[in-house]
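A.B. asks: The structure file upload-v8.txt (compact mmCIF, C-alpha atoms and all ligand atoms) is provided below.
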# COMPACT_ATOMS: atom_id res chain seq x y z
CA ASP A 1 91.44 97.14 110.61
CA THR A 2 88.71 97.25 107.98
CA THR A 3 90.24 100.08 106.00
CA THR A 4 93.46 98.21 105.29
CA ALA A 5 91.92 94.76 104.90
CA GLN A 6 90.83 95.48 101.33
CA LEU A 7 94.34 96.16 100.06
CA ARG A 8 95.94 93.28 98.21
CA ASN A 9 98.65 92.73 95.63
CA ASP A 10 96.30 91.20 93.03
CA PHE A 11 93.39 93.62 93.37
CA TYR A 12 93.22 94.20 89.59
CA LYS A 13 93.93 90.58 88.63
CA SER A 14 90.69 90.23 86.68
CA SER A 15 89.81 93.87 85.87
CA CYS A 16 93.28 94.90 84.65
CA PRO A 17 95.88 92.14 84.78
CA ASN A 18 98.57 94.31 83.13
CA VAL A 19 98.13 97.37 85.34
CA GLU A 20 101.71 97.22 86.63
CA GLN A 21 103.36 96.91 83.20
CA ILE A 22 101.23 99.72 81.80
CA VAL A 23 102.11 102.14 84.61
CA THR A 24 105.79 101.12 84.60
CA LYS A 25 106.08 101.80 80.84
CA VAL A 26 104.62 105.31 81.23
CA VAL A 27 106.93 106.05 84.17
CA LYS A 28 110.04 104.82 82.33
CA ASP A 29 109.20 106.87 79.23
CA LYS A 30 108.62 110.00 81.26
CA VAL A 31 111.74 109.60 83.42
CA LYS A 32 113.74 109.35 80.16
CA GLN A 33 112.31 112.74 79.19
CA THR A 34 112.79 114.38 82.57
CA PHE A 35 114.54 113.23 85.75
CA VAL A 36 112.35 115.53 87.87
CA THR A 37 109.57 112.96 87.45
CA ILE A 38 111.34 110.89 90.12
CA PRO A 39 111.44 113.31 93.07
CA ALA A 40 108.20 114.97 91.99
CA THR A 41 106.22 111.70 92.14
CA LEU A 42 107.80 110.54 95.39
CA ARG A 43 106.96 113.81 97.16
CA LEU A 44 103.47 113.90 95.67
CA PHE A 45 102.69 110.47 97.11
CA PHE A 46 103.83 111.59 100.57
CA HIS A 47 101.77 114.78 100.45
CA ASP A 48 98.74 112.79 99.27
CA CYS A 49 98.93 110.19 102.03
CA PHE A 50 99.47 112.70 104.87
CA VAL A 51 96.34 114.67 103.99
CA ASN A 52 93.13 112.64 103.99
CA GLY A 53 95.04 109.42 103.38
CA CYS A 54 96.34 107.91 100.14
CA ASP A 55 93.27 108.85 98.12
CA ALA A 56 94.54 111.10 95.30
CA SER A 57 92.99 114.13 97.05
CA VAL A 58 96.19 116.07 96.27
CA LEU A 59 95.57 115.66 92.52
CA ILE A 60 92.27 117.55 92.48
CA GLN A 61 92.28 120.91 90.68
CA SER A 62 90.71 123.90 92.35
CA THR A 63 87.37 125.16 91.01
CA PRO A 64 85.58 128.51 91.51
CA ASN A 65 83.73 126.87 94.43
CA ASN A 66 86.58 124.91 95.99
CA LYS A 67 90.19 125.75 96.79
CA ALA A 68 91.82 122.30 96.61
CA GLU A 69 94.80 120.84 98.52
CA LYS A 70 97.27 121.47 95.73
CA ASP A 71 96.83 125.23 96.11
CA HIS A 72 97.76 125.26 99.80
CA PRO A 73 101.14 127.00 100.36
CA ASP A 74 102.70 123.70 101.51
CA ASN A 75 101.80 122.11 98.17
CA VAL A 76 102.43 124.86 95.61
CA SER A 77 106.05 123.72 95.19
CA LEU A 78 104.98 120.19 94.19
CA ALA A 79 106.55 119.76 90.76
CA GLY A 80 104.14 119.33 87.83
CA ASP A 81 105.84 116.20 86.53
CA GLY A 82 104.39 114.14 89.39
CA PHE A 83 100.83 115.14 88.47
CA ASP A 84 101.63 114.67 84.80
CA VAL A 85 102.88 111.10 85.13
CA VAL A 86 99.63 110.09 86.86
CA VAL A 87 97.55 111.74 84.12
CA LYS A 88 99.61 109.97 81.46
CA ALA A 89 99.32 106.58 83.19
CA LYS A 90 95.56 107.04 83.61
CA LYS A 91 95.25 107.76 79.90
CA ALA A 92 97.32 104.71 78.96
CA LEU A 93 95.23 102.51 81.26
CA VAL A 94 91.90 103.70 79.86
CA ALA A 95 93.22 103.19 76.32
CA LYS A 96 93.97 99.57 77.26
CA GLY A 97 90.52 98.93 78.73
CA CYS A 98 91.49 99.53 82.36
CA SER A 99 89.08 102.29 83.33
CA LYS A 100 88.60 100.91 86.86
CA VAL A 101 92.07 101.59 88.25
CA SER A 102 91.99 104.32 90.91
CA CYS A 103 94.16 107.42 90.69
CA ALA A 104 95.34 106.66 94.25
CA ASP A 105 96.65 103.26 93.13
CA ILE A 106 98.23 104.75 89.99
CA LEU A 107 100.16 107.22 92.16
CA THR A 108 101.23 104.42 94.53
CA LEU A 109 102.50 102.28 91.64
CA ALA A 110 104.21 105.20 89.91
CA THR A 111 105.97 106.04 93.18
CA ARG A 112 107.37 102.52 93.48
CA ASP A 113 108.48 102.72 89.85
CA VAL A 114 110.32 106.05 90.23
CA VAL A 115 112.19 104.68 93.27
CA VAL A 116 113.31 101.75 91.13
CA GLU A 117 114.30 104.08 88.27
CA ALA A 118 116.56 106.00 90.69
CA GLY A 119 118.29 102.79 91.78
CA GLY A 120 116.26 102.18 94.93
CA PRO A 121 114.65 98.92 96.10
CA LYS A 122 111.89 97.26 94.10
CA TYR A 123 108.95 96.24 96.24
CA THR A 124 105.47 94.78 95.92
CA VAL A 125 102.68 97.36 96.01
CA GLU A 126 99.37 96.74 97.77
CA LEU A 127 96.39 97.86 95.69
CA GLY A 128 92.67 98.54 96.11
CA ARG A 129 92.53 102.18 97.23
CA PHE A 130 89.54 104.19 96.12
CA ASP A 131 89.75 107.88 95.21
CA GLY A 132 88.63 110.44 97.78
CA LEU A 133 85.59 112.64 97.41
CA VAL A 134 86.99 115.71 99.18
CA SER A 135 89.99 118.00 98.66
CA THR A 136 90.28 121.32 100.46
CA ALA A 137 93.30 123.57 100.99
CA ALA A 138 92.22 124.01 104.63
CA SER A 139 92.62 120.28 105.32
CA VAL A 140 96.37 120.56 104.64
CA ASN A 141 96.90 122.86 107.66
CA GLY A 142 99.17 121.29 110.25
CA ASN A 143 99.40 117.90 108.55
CA LEU A 144 102.65 118.26 106.60
CA PRO A 145 106.08 118.63 108.22
CA GLY A 146 108.09 121.82 107.75
CA PRO A 147 111.82 122.13 106.96
CA ASN A 148 112.57 123.54 110.42
CA ASP A 149 110.70 120.91 112.43
CA ASN A 150 112.50 119.09 115.27
CA VAL A 151 112.34 115.37 116.09
CA ASN A 152 109.46 115.83 118.55
CA LYS A 153 107.35 117.53 115.89
CA LEU A 154 108.30 115.03 113.19
CA ASN A 155 107.54 112.05 115.44
CA ALA A 156 104.16 113.53 116.37
CA LEU A 157 103.14 114.15 112.75
CA PHE A 158 104.20 110.68 111.65
CA ALA A 159 102.60 109.03 114.68
CA LYS A 160 99.28 110.58 113.65
CA ASN A 161 99.64 108.39 110.55
CA LYS A 162 100.61 105.28 112.52
CA LEU A 163 104.25 105.63 111.53
CA THR A 164 107.08 105.08 114.00
CA GLN A 165 110.27 107.11 114.45
CA GLU A 166 112.08 104.46 112.38
CA ASP A 167 109.52 104.86 109.60
CA MET A 168 109.96 108.63 109.80
CA ILE A 169 113.75 108.35 109.46
CA ALA A 170 113.51 105.87 106.58
CA LEU A 171 110.98 108.03 104.72
CA SER A 172 113.01 111.20 105.29
CA ALA A 173 115.71 109.53 103.21
CA ALA A 174 113.50 110.27 100.20
CA HIS A 175 115.58 113.46 100.33
CA THR A 176 118.35 111.39 98.76
CA VAL A 177 116.92 112.69 95.46
CA GLY A 178 115.37 115.94 94.30
CA PHE A 179 115.43 119.67 94.71
CA ALA A 180 114.70 122.42 97.21
CA HIS A 181 114.05 126.10 96.70
CA CYS A 182 116.52 128.47 98.36
CA SER A 183 113.83 129.92 100.64
CA LYS A 184 113.70 126.58 102.47
CA VAL A 185 117.33 126.81 103.64
CA ALA A 186 117.78 130.61 103.80
CA ASN A 187 117.44 130.81 107.60
CA ARG A 188 120.25 128.27 108.09
CA ILE A 189 122.91 130.05 106.02
CA ARG A 190 122.40 133.71 107.03
CA ASN A 191 121.32 135.44 110.27
CA PHE A 192 120.58 132.07 111.87
CA ASN A 193 120.27 133.45 115.41
CA SER A 194 121.77 136.02 117.76
CA THR A 195 124.91 133.95 118.47
CA HIS A 196 125.47 132.17 115.14
CA PHE A 197 125.36 133.69 111.65
CA VAL A 198 125.27 130.14 110.19
CA ASP A 199 123.51 127.13 111.71
CA PRO A 200 126.34 125.52 113.77
CA THR A 201 125.12 122.01 112.89
CA LEU A 202 125.81 122.75 109.21
CA ASN A 203 129.11 121.53 107.69
CA LYS A 204 131.27 124.64 107.04
CA ASP A 205 132.09 123.85 103.42
CA TYR A 206 128.53 122.82 102.67
CA ALA A 207 127.31 126.07 104.25
CA LYS A 208 129.59 128.02 101.86
CA GLN A 209 128.29 125.98 98.95
CA LEU A 210 124.71 126.76 99.94
CA GLN A 211 125.50 130.46 100.38
CA ALA A 212 126.98 130.55 96.87
CA ALA A 213 124.04 128.69 95.32
CA CYS A 214 121.52 130.76 97.26
CA PRO A 215 122.79 134.36 97.40
CA LYS A 216 120.74 137.05 99.14
CA ASN A 217 117.69 138.04 97.07
CA VAL A 218 118.13 135.01 94.81
CA ASP A 219 115.42 134.39 92.20
CA PRO A 220 112.77 132.48 94.20
CA ARG A 221 112.57 129.90 91.41
CA ILE A 222 116.19 128.78 91.93
CA ALA A 223 116.43 125.27 93.32
CA ILE A 224 119.36 123.29 94.73
CA ASN A 225 120.01 119.56 95.06
CA ILE A 226 118.82 118.25 98.42
CA ASP A 227 121.47 115.50 98.42
CA PRO A 228 124.69 117.34 97.54
CA GLU A 229 126.57 114.08 96.78
CA THR A 230 124.28 111.78 94.76
CA PRO A 231 121.22 113.91 93.91
CA ARG A 232 119.97 111.55 91.19
CA LYS A 233 120.56 108.27 92.97
CA PHE A 234 118.30 106.68 95.52
CA ASP A 235 120.87 105.56 98.12
CA ASN A 236 121.90 105.76 101.78
CA ILE A 237 124.37 108.59 101.07
CA TYR A 238 121.60 110.71 102.62
CA PHE A 239 122.60 109.27 106.03
CA LYS A 240 126.35 109.67 105.42
CA ASN A 241 125.62 113.31 104.58
CA LEU A 242 123.85 113.78 107.92
CA GLN A 243 126.92 112.39 109.73
CA GLN A 244 128.97 115.13 108.05
CA GLY A 245 126.57 118.00 108.72
CA LYS A 246 125.32 117.97 105.16
CA GLY A 247 121.62 117.64 105.90
CA THR A 248 119.88 120.25 103.75
CA PHE A 249 116.94 121.06 105.98
CA THR A 250 116.98 121.38 109.74
CA SER A 251 114.45 118.51 109.69
CA ASP A 252 117.11 116.33 108.04
CA GLN A 253 120.04 117.37 110.21
CA VAL A 254 118.14 116.93 113.50
CA LEU A 255 117.90 113.21 112.76
CA PHE A 256 121.64 113.10 113.46
CA THR A 257 121.92 115.76 116.17
CA ASP A 258 119.08 114.27 118.25
CA GLY A 259 120.31 111.34 120.32
CA ARG A 260 117.07 109.43 119.84
CA SER A 261 117.36 109.15 116.06
CA ARG A 262 121.16 109.25 115.70
CA PRO A 263 121.74 105.48 116.23
CA THR A 264 119.36 104.69 113.36
CA VAL A 265 121.08 107.23 111.08
CA ASN A 266 124.45 105.66 111.88
CA ALA A 267 123.16 102.14 111.29
CA TRP A 268 121.68 102.96 107.89
CA ALA A 269 124.73 105.03 106.86
CA LYS A 270 126.71 101.81 107.25
CA ASP A 271 124.18 99.37 105.83
CA ASN A 272 122.34 100.20 102.62
CA ALA A 273 120.48 96.87 102.62
CA ALA A 274 119.11 97.52 106.11
CA PHE A 275 118.01 100.99 104.97
CA ASN A 276 116.29 99.56 101.89
CA THR A 277 114.38 97.05 104.02
CA ALA A 278 113.25 99.80 106.40
CA PHE A 279 112.26 102.08 103.51
CA VAL A 280 110.11 99.41 101.86
CA LYS A 281 108.40 98.64 105.17
CA ALA A 282 107.73 102.33 105.83
CA MET A 283 106.48 103.02 102.29
CA THR A 284 104.09 100.07 102.55
CA LYS A 285 102.74 101.44 105.85
CA LEU A 286 102.52 104.94 104.34
CA GLY A 287 100.44 103.46 101.52
CA ARG A 288 97.89 102.16 104.04
CA VAL A 289 97.14 105.54 105.56
CA GLY A 290 93.47 106.56 105.39
CA VAL A 291 92.60 104.21 102.53
CA LYS A 292 89.11 104.78 101.09
CA THR A 293 86.67 102.07 100.11
CA SER A 294 83.75 102.00 97.66
CA ARG A 295 81.64 103.41 100.50
CA ASN A 296 83.60 106.64 100.94
CA GLY A 297 85.42 106.77 97.62
CA ASN A 298 85.12 106.03 93.92
CA ILE A 299 87.19 105.54 90.76
CA ARG A 300 87.76 108.92 89.19
CA ARG A 301 87.49 109.25 85.42
CA ASP A 302 89.78 112.29 85.50
CA CYS A 303 92.39 112.24 88.27
CA GLY A 304 92.22 116.04 88.53
CA ALA A 305 88.46 116.33 89.00
CA PHE A 306 85.65 114.65 90.95
CA ASN A 307 83.27 112.51 88.82
C1 LIG B 1 110.28 114.36 107.43
C2 LIG B 1 109.74 115.52 107.13
C3 LIG B 1 109.84 116.19 105.80
C4 LIG B 1 110.03 117.51 105.61
C5 LIG B 1 110.13 118.57 106.67
C6 LIG B 1 110.10 117.71 104.18
C7 LIG B 1 110.27 118.95 103.59
C8 LIG B 1 110.57 119.15 102.26
C9 LIG B 1 110.87 120.41 101.67
C10 LIG B 1 110.85 121.75 102.38
C11 LIG B 1 111.18 120.19 100.36
C12 LIG B 1 111.61 121.23 99.32
C13 LIG B 1 110.42 121.72 98.55
C14 LIG B 1 110.79 122.84 97.63
O1 LIG B 1 111.52 123.76 98.04
O2 LIG B 1 110.38 122.81 96.47
C15 LIG B 1 111.07 118.77 100.14
C16 LIG B 1 111.32 118.14 98.95
C17 LIG B 1 111.15 116.80 98.74
N1 LIG B 1 110.61 115.89 99.64
FE1 LIG B 1 110.34 116.20 101.60
N2 LIG B 1 109.98 116.52 103.56
C18 LIG B 1 109.80 115.56 104.49
C19 LIG B 1 109.57 114.21 104.27
C20 LIG B 1 109.48 113.66 103.01
C21 LIG B 1 109.00 112.34 102.75
C22 LIG B 1 108.46 111.38 103.80
C23 LIG B 1 109.10 112.14 101.41
C24 LIG B 1 108.71 110.95 100.58
C25 LIG B 1 108.61 109.73 101.06
C26 LIG B 1 109.67 113.36 100.85
C27 LIG B 1 110.03 113.53 99.55
C28 LIG B 1 110.57 114.68 99.03
C29 LIG B 1 111.16 114.76 97.71
C30 LIG B 1 111.38 113.62 96.76
C31 LIG B 1 111.50 116.11 97.52
C32 LIG B 1 112.09 116.73 96.25
C33 LIG B 1 110.93 117.21 95.39
C34 LIG B 1 111.33 117.70 94.01
O3 LIG B 1 112.51 117.66 93.64
O4 LIG B 1 110.42 118.11 93.28
N3 LIG B 1 109.85 114.25 101.85
N4 LIG B 1 110.69 118.16 101.30
CA CA B 2 95.13 112.41 100.24
CA CA B 3 121.28 110.17 96.78
Any chance you could put this one into structure tokens?
C.D. replies:
Amino acid sequence: DTTTAQLRNDFYKSSCPNVEQIVTKVVKDKVKQTFVTIPATLRLFFHDCFVNGCDASVLIQSTPNNKAEKDHPDNVSLAGDGFDVVVKAKKALVAKGCSKVSCADILTLATRDVVVEAGGPKYTVELGRFDGLVSTAASVNGNLPGPNDNVNKLNALFAKNKLTQEDMIALSAAHTVGFAHCSKVANRIRNFNSTHFVDPTLNKDYAKQLQAACPKNVDPRIAINIDPETPRKFDNIYFKNLQQGKGTFTSDQVLFTDGRSRPTVNAWAKDNAAFNTAFVKAMTKLGRVGVKTSRNGNIRRDCGAFN
């Protein structure tokens, strides 16, 4: 495949030999200031790769002539700290003579670094992505999963990006860190359907906890931990939660209720090392989605605007 062939670990060996240390330093400094950097960056990378490939298209700011991806409803809840860490890393790189590192690669590296900062696996990142030349809100339509999606829908969306069901389950475990707004779980904890007030797949105590944290008419800015047990740690507790009915979104809980994905959930609930291996494999594959070359991409001077 010609689009993935260009990616290599030492892509910046001559143009910016210290690219990794420079990005890592910026990430560490920012995580010290605010934990949100971790989930914000991880989600930003996912939303970038699933729309037009891993090409930093999600970072583009809208202009009077173009409504960009980040202003699509599915992206408006992306936390600012993810964008900010990329801007800060870009600045640090340029200051150190590395003006040829793409924003897409910066986001990929920063994502690896935030996973490490949260206690997750450290892995080698493939580099050599170019930055995309297009970003439209319309292109987001139908490409990102929703919190009420079932396994069929999730598998189909991930398959479009050459990711297997195993990859999908491993990547879903990114929900081991970070926050969700109450609107994303509201349908599960009140007036679920005509026979159940609360989603019957939801743990009873966890349902009460969610109802308390997300009362009716709650301020729409209120957010809850997605992983109720270890919200700041990147770990396989995510899968143990699913076994106990503590999946926050329907899209999390279905991984346990659906017989096709349940064996994988059980295996990774028991074996953190096996989960880590699967996560690294899936993240590496995610990073290969729709990679641009010098023919259909460039190196942006400003990650938020086209050159
Ligand atoms: C499998 C399908 C997925 C669905 C349906 C989904 C859906 C969601 C939703 C609804 C939120 C809450 C947003 C909010 O209320 O602000 C969220 C947050 C998050 N998602 Fe996903 N997601 C999925 C997969 C992924 C993947 C593959 C990753 C990364 C590899 C990811 C990383 C995150 C992170 C880290 C957060 C927390 C963001 C923060 O705290 O700012 N998600 N996701
Ligand atoms: Ca993209
Ligand atoms: Ca966790």
A.B. asks: List as a ChimeraX atom specification the protein and nucleic acid residues near range 72-74 of chain A, meaning an atom at most 12 Å away when only C-alpha atoms are counted, but skip any in the same chain fewer than 3 places from it.
C.D. replies: /A:43-44,47-48,50-51,58,60-62,66-69,77-78,135-147,184
A.B. asks: What is the distance, in Å and to one decimal place, between CA of Leu42 in chain A and CA of Leu107 in chain A?
C.D. replies: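 Going from CA of Leu42 in chain A over to CA of Leu107 in chain A covers 8.9 Å.
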A.B. asks: I'd like the neighbourhood of Val198 in chain A as a ChimeraX atom specification, where a residue qualifies if any of its atoms comes within 12 Å (using all atoms listed in the file), though same-chain residues fewer than 6 positions away should be ignored.
C.D. replies: /A:185-192,204-208,210-211
A.B. asks: Considering all atoms listed in the file, give me a table of residues in range 112-160 of chain A that are at most 12 Å from range 235-254 of chain A, with the closest atom pair and distance in Å for each, as a Markdown table.
C.D. replies:
| residue | atom | partner | partner_atom | distance |
| --- | --- | --- | --- | --- |
| A:Val115 | CA | A:Asp235 | CA | 10.0 |
| A:Val116 | CA | A:Asp235 | CA | 11.0 |
| A:Glu117 | CA | A:Asp235 | CA | 11.9 |
| A:Ala118 | CA | A:Asp235 | CA | 8.6 |
| A:Gly119 | CA | A:Asp235 | CA | 7.4 |
| A:Gly120 | CA | A:Asp235 | CA | 6.5 |
| A:Pro121 | CA | A:Asp235 | CA | 9.3 |
| A:Pro145 | CA | A:Ser251 | CA | 8.5 |
| A:Gly146 | CA | A:Ser251 | CA | 7.4 |
| A:Pro147 | CA | A:Ser251 | CA | 5.2 |
| A:Asn148 | CA | A:Thr250 | CA | 5.0 |
| A:Asp149 | CA | A:Ser251 | CA | 5.2 |
| A:Asn150 | CA | A:Ser251 | CA | 5.9 |
| A:Val151 | CA | A:Val254 | CA | 6.5 |
| A:Asn152 | CA | A:Val254 | CA | 10.1 |
| A:Lys153 | CA | A:Ser251 | CA | 9.5 |
| A:Leu154 | CA | A:Ser251 | CA | 7.9 |
| A:Asn155 | CA | A:Ser251 | CA | 11.1 |
A.B. asks: Pick from A:Thr201, A:Thr108, A:Thr34, A:Asn307: nearest to ligand CA 2 (chain B), with all atoms listed in the file counted?
C.D. replies: A:Thr108
A.B. asks: For Lys13 in chain A, find every residue with an atom within 12 Å (counting only C-alpha atoms), except residues of its own chain fewer than 3 positions away, and show them as a ChimeraX atom specification.
C.D. replies: /A:8-10,16-20,98,100-101,127-128
A.B. asks: Here is a test: counting only C-alpha atoms and all ligand atoms, which residue of A:Val86, A:Ala278, A:Leu133, A:Met283 is nearest to ligand LIG 1 (chain B)?
C.D. replies: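 For ligand LIG 1 (chain B), the nearest of the candidates is A:Met283.
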A.B. asks: From the set A:Val31, A:Val85, A:Ile299, A:Leu286, which residue has the shortest atom-to-atom contact distance to ligand LIG 1 (chain B), counting all atoms listed in the file?
C.D. replies: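 Among the listed residues, the smallest separation from ligand LIG 1 (chain B) belongs to A:Leu286.
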A.B. asks: Kindly assemble as a tab-separated table a list of the chain A residues that lie within 6 Å of ligand CA 2 (chain B), each paired with its nearest atom pair and their distance in Å to one decimal, using all atoms listed in the file, sorted first by chain and then by ascending residue number.
C.D. replies:
residue	atom	partner	partner_atom	distance
A:Asp48	CA	B:CA2	CA	3.8
A:Cys49	CA	B:CA2	CA	4.8
A:Val51	CA	B:CA2	CA	4.5
A:Asn52	CA	B:CA2	CA	4.3
A:Gly53	CA	B:CA2	CA	4.3
A:Cys54	CA	B:CA2	CA	4.7
A:Asp55	CA	B:CA2	CA	4.5
A:Ala56	CA	B:CA2	CA	5.1
A:Ser57	CA	B:CA2	CA	4.2
A:Val58	CA	B:CA2	CA	5.5
A.B. asks: Taking only C-alpha atoms into account, name the residue in A:Ser172, A:Ser194, A:Asn296, A:Thr41 that is nearest to Leu255 in chain A.
C.D. replies: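 Selected residue with least distance to Leu255 in chain A: A:Ser172.
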A.B. asks: Between A:Gly290, A:Gly297, A:Pro220, A:Pro39, which has the minimum distance to ligand CA 3 (chain B) (counting all atoms listed in the file)?
C.D. replies: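 Of A:Gly290, A:Gly297, A:Pro220, A:Pro39, the one nearest ligand CA 3 (chain B) is A:Pro39, counting all atoms listed in the file.
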A.B. asks: Report the distance between CA of Asp167 in chain A and CA of Ala282 in chain A in Å, rounded to one decimal place.
C.D. replies: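 So the answer is 4.9 Å.
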A.B. asks: Give the residue list for ligand CA 3 (chain B) at 8 Å, counting all atoms listed in the file, as a compact mmCIF listing (two decimals) with C-alpha atoms, in the coordinates of the input, sorted by chain and then by residue number.
C.D. replies:
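Final output, saved to pocket-v9.txt:
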# COMPACT_ATOMS: atom_id res chain seq x y z
CA HIS A 175 115.58 113.46 100.33
CA THR A 176 118.35 111.39 98.76
CA VAL A 177 116.92 112.69 95.46
CA ASP A 227 121.47 115.50 98.42
CA PRO A 228 124.69 117.34 97.54
CA GLU A 229 126.57 114.08 96.78
CA THR A 230 124.28 111.78 94.76
CA PRO A 231 121.22 113.91 93.91
CA ARG A 232 119.97 111.55 91.19
CA LYS A 233 120.56 108.27 92.97
CA PHE A 234 118.30 106.68 95.52
CA ASP A 235 120.87 105.56 98.12
CA ASN A 236 121.90 105.76 101.78
CA ILE A 237 124.37 108.59 101.07
CA TYR A 238 121.60 110.71 102.62
A.B. asks: Looking at only C-alpha atoms and all ligand atoms, which of A:Ala95, A:Val87, A:Ile38, A:Cys303 is the one that sits closest to ligand LIG 1 (chain B)?
C.D. replies: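 Answer, going by the shortest atom-to-atom distance: A:Ile38.
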A.B. asks: Skip Ala223 in chain A itself and residues of its chain fewer than 3 positions away, then list as an MDAnalysis selection string all residues within 12 Å of it, counting all atoms listed in the file.
C.D. replies: chainID A and resid 36 77 79 178:186 210 213:215 218:220 226
A.B. asks: For those residues, write C-alpha atoms to a file as a JSON list (two decimals), in the coordinates of the input.
C.D. replies:
[["chain", "number", "residue", "atom", "x", "y", "z"],
["A", 36, "VAL", "CA", 112.35, 115.53, 87.87],
["A", 77, "SER", "CA", 106.05, 123.72, 95.19],
["A", 79, "ALA", "CA", 106.55, 119.76, 90.76],
["A", 178, "GLY", "CA", 115.37, 115.94, 94.30],
["A", 179, "PHE", "CA", 115.43, 119.67, 94.71],
["A", 180, "ALA", "CA", 114.70, 122.42, 97.21],
["A", 181, "HIS", "CA", 114.05, 126.10, 96.70],
["A", 182, "CYS", "CA", 116.52, 128.47, 98.36],
["A", 183, "SER", "CA", 113.83, 129.92, 100.64],
["A", 184, "LYS", "CA", 113.70, 126.58, 102.47],
["A", 185, "VAL", "CA", 117.33, 126.81, 103.64],
["A", 186, "ALA", "CA", 117.78, 130.61, 103.80],
["A", 210, "LEU", "CA", 124.71, 126.76, 99.94],
["A", 213, "ALA", "CA", 124.04, 128.69, 95.32],
["A", 214, "CYS", "CA", 121.52, 130.76, 97.26],
["A", 215, "PRO", "CA", 122.79, 134.36, 97.40],
["A", 218, "VAL", "CA", 118.13, 135.01, 94.81],
["A", 219, "ASP", "CA", 115.42, 134.39, 92.20],
["A", 220, "PRO", "CA", 112.77, 132.48, 94.20],
["A", 226, "ILE", "CA", 118.82, 118.25, 98.42]]
A.B. asks: For range 282-297 of chain A, where the input has fewer atoms than it should, I would like N, CA and C atoms rebuilt and written as a compact mmCIF listing (two decimals), in the coordinates of the input.
C.D. replies:
# COMPACT_ATOMS: atom_id res chain seq x y z
N ALA A 282 108.37 101.04 105.52
CA ALA A 282 107.73 102.33 105.83
C ALA A 282 106.85 102.81 104.68
N MET A 283 107.29 102.61 103.44
CA MET A 283 106.48 103.02 102.29
C MET A 283 105.19 102.21 102.22
N THR A 284 105.28 100.92 102.57
CA THR A 284 104.09 100.07 102.55
C THR A 284 103.10 100.55 103.62
N LYS A 285 103.61 100.91 104.79
CA LYS A 285 102.74 101.44 105.85
C LYS A 285 102.16 102.79 105.45
N LEU A 286 103.00 103.63 104.81
CA LEU A 286 102.52 104.94 104.34
C LEU A 286 101.36 104.74 103.36
N GLY A 287 101.46 103.73 102.53
CA GLY A 287 100.44 103.46 101.52
C GLY A 287 99.13 102.95 102.09
N ARG A 288 99.12 102.64 103.38
CA ARG A 288 97.89 102.16 104.04
C ARG A 288 97.15 103.27 104.76
N VAL A 289 97.73 104.45 104.79
CA VAL A 289 97.14 105.54 105.56
C VAL A 289 95.80 105.99 104.94
N GLY A 290 94.78 105.99 105.76
CA GLY A 290 93.47 106.56 105.39
C GLY A 290 92.87 106.05 104.09
N VAL A 291 93.08 104.77 103.81
CA VAL A 291 92.60 104.21 102.53
C VAL A 291 91.07 104.25 102.46
N LYS A 292 90.55 104.70 101.32
CA LYS A 292 89.11 104.78 101.09
C LYS A 292 88.60 103.49 100.46
N THR A 293 87.32 103.24 100.69
CA THR A 293 86.67 102.07 100.11
C THR A 293 85.59 102.54 99.14
N SER A 294 84.84 101.62 98.58
CA SER A 294 83.75 102.00 97.66
C SER A 294 82.65 102.76 98.40
N ARG A 295 82.67 102.70 99.73
CA ARG A 295 81.64 103.41 100.50
C ARG A 295 81.96 104.89 100.66
N ASN A 296 83.24 105.22 100.78
CA ASN A 296 83.60 106.64 100.94
C ASN A 296 84.54 107.13 99.84
N GLY A 297 84.58 106.37 98.74
CA GLY A 297 85.42 106.77 97.62
C GLY A 297 84.87 106.22 96.32
